[in-house]
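*Asks:* Mind having a look at this structure? Questions to follow.
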Amino acid sequence: MSRANTAAVFYREFLRQIRRLEKAKCTKLAVREPIRLDEWGHGQFCKLKPSNAYYAATLNRLLPWLSPSEIGEFPLVGLRDLIKLKFRDASPATEEERHEALDQALSALTELIRQVKLQFSSSVRVTNGMRVEAWSSYIRDPEMNAERSDLYLFAYRLRIENVGLRKVQLVGRHWKIHDSRNGLYTEVPKRSPGVVGQTPILRPGDIFEYASGTNLSTSKGVIEGSFQMEEIEETGRRKPFDAKVGPFQLIGPNKQPMDIS
């Protein structure tokens with residue numbers, strides 16, 4: 001295949017990924033970090049959401065011609081325009097520059113496909129000043145796959161941000177995990193203590209993030225649930241409420257998202 005034909009294939013695939021997001025009524029593409037198996041069971045407070053270093057590295061792979069100040073989220077309209085500008089108006093002068101441009105496009109397309117899948121595997125919900133963002137990644141675990149070829153392993157990350165005005169403590173959790181047969185695969189009972197062994201107190205502006213996971217009998221599924229929170233008033237009085245976790249998908253290898261609207 002000629003370089004011109006390769007560039008045309010890349011260009012069409014870029015636009016196809018944008019159309020997938022538009023069809024799902026997304027207006028922005030958020031940059032999210034995939035979850036690794038070694039992060040499972042760990043939680044911590046975060047100063048940034050997420051690291052500027054990850055944003056910068058992802059942007060460099062995704063759209064190297066963007067300004068470094070444009071981090072965090074990509075408006076789809078702007079993203080589409082930038083892709084068109086890059087492929088239609090840019091014409092590398094030398095053979096070396098053309099080769100470099102194709103390598104750059106392949107790297108960007110690979111990262112875009114990864115971010116689109118994470119977008120379809122995510123949710124954001126705000127309840128009483130608690131913003132909960134969730135997303136999942138399929139995990140390839142050779143040991144588990146060798147022992148139980150009928151199970152799929154997924155990790156998920158929860159980022160809990162206090163965007164309210166009062167101090168709040170996370171005291172419990174509740175999960176319902178569904179497989180693609182629309183059955184309840186497993187449930188973590190409401191008010192199960194904390195998360196990854198912690199019951200963090202979040203002051204206004206604080207962000208707590210943790211990673212966990214589940215196995216599943218099908219290659220696709222959905223998780224939904226809530227965190228049991230207690231708002232701590234200045235008098236010390238505690239006011240309980242549930243911070244909702246919007247349904248987010250578990251999407252296995254080479255699988256398309258389900259319609260959970």
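As shown in the structure tokens, the chain order sets the letters A, B, ...; within each chain, residues go from 1, and ligands are also counted from 1 in the order they appear.
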From a backbone DSSP assignment, name each residue in range 150-210 of chain A labelled strand (DSSP E or B), as a ChimeraX atom specification.
*Replies:* /A:152-162,167-179,184-193,195,198,201-202,207-210
*Asks:* Find the residues around Lys28 in chain A up to 10 Å (only C-alpha atoms counted), leave out those fewer than 4 positions away in its own chain, and share them as a count of residues only.
*Replies:* 12
*Asks:* Out of A:Val196, A:Asn128, A:Asp150, A:Gly183, which residue has the shortest atom-to-atom distance to Glu230 in chain A when counting only C-alpha atoms?
*Replies:*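 For Glu230 in chain A, the nearest of the candidates is A:Asn128.
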*Asks:* For Ala243 in chain A, work out the shell of residues within 9 Å, counting only C-alpha atoms and skipping chain neighbours fewer than 5 positions away, then give it as a ChimeraX atom specification.
*Replies:* /A:125-132,225-229
*Asks:* Using only C-alpha atoms, find the one residue out of A:Phe248, A:Trp175, A:Trp40, A:Tyr152 that sits nearest to Ser219 in chain A.
*Replies:*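 Under the stated criterion, the closest residue is A:Tyr152.
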*Asks:* Counting only C-alpha atoms, figure out which residue out of A:Leu106, A:Ala57, A:Ala211, A:Leu184 gets nearest to Glu13 in chain A.
*Replies:*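 Counting only C-alpha atoms, the residue closest to Glu13 in chain A is A:Leu106.
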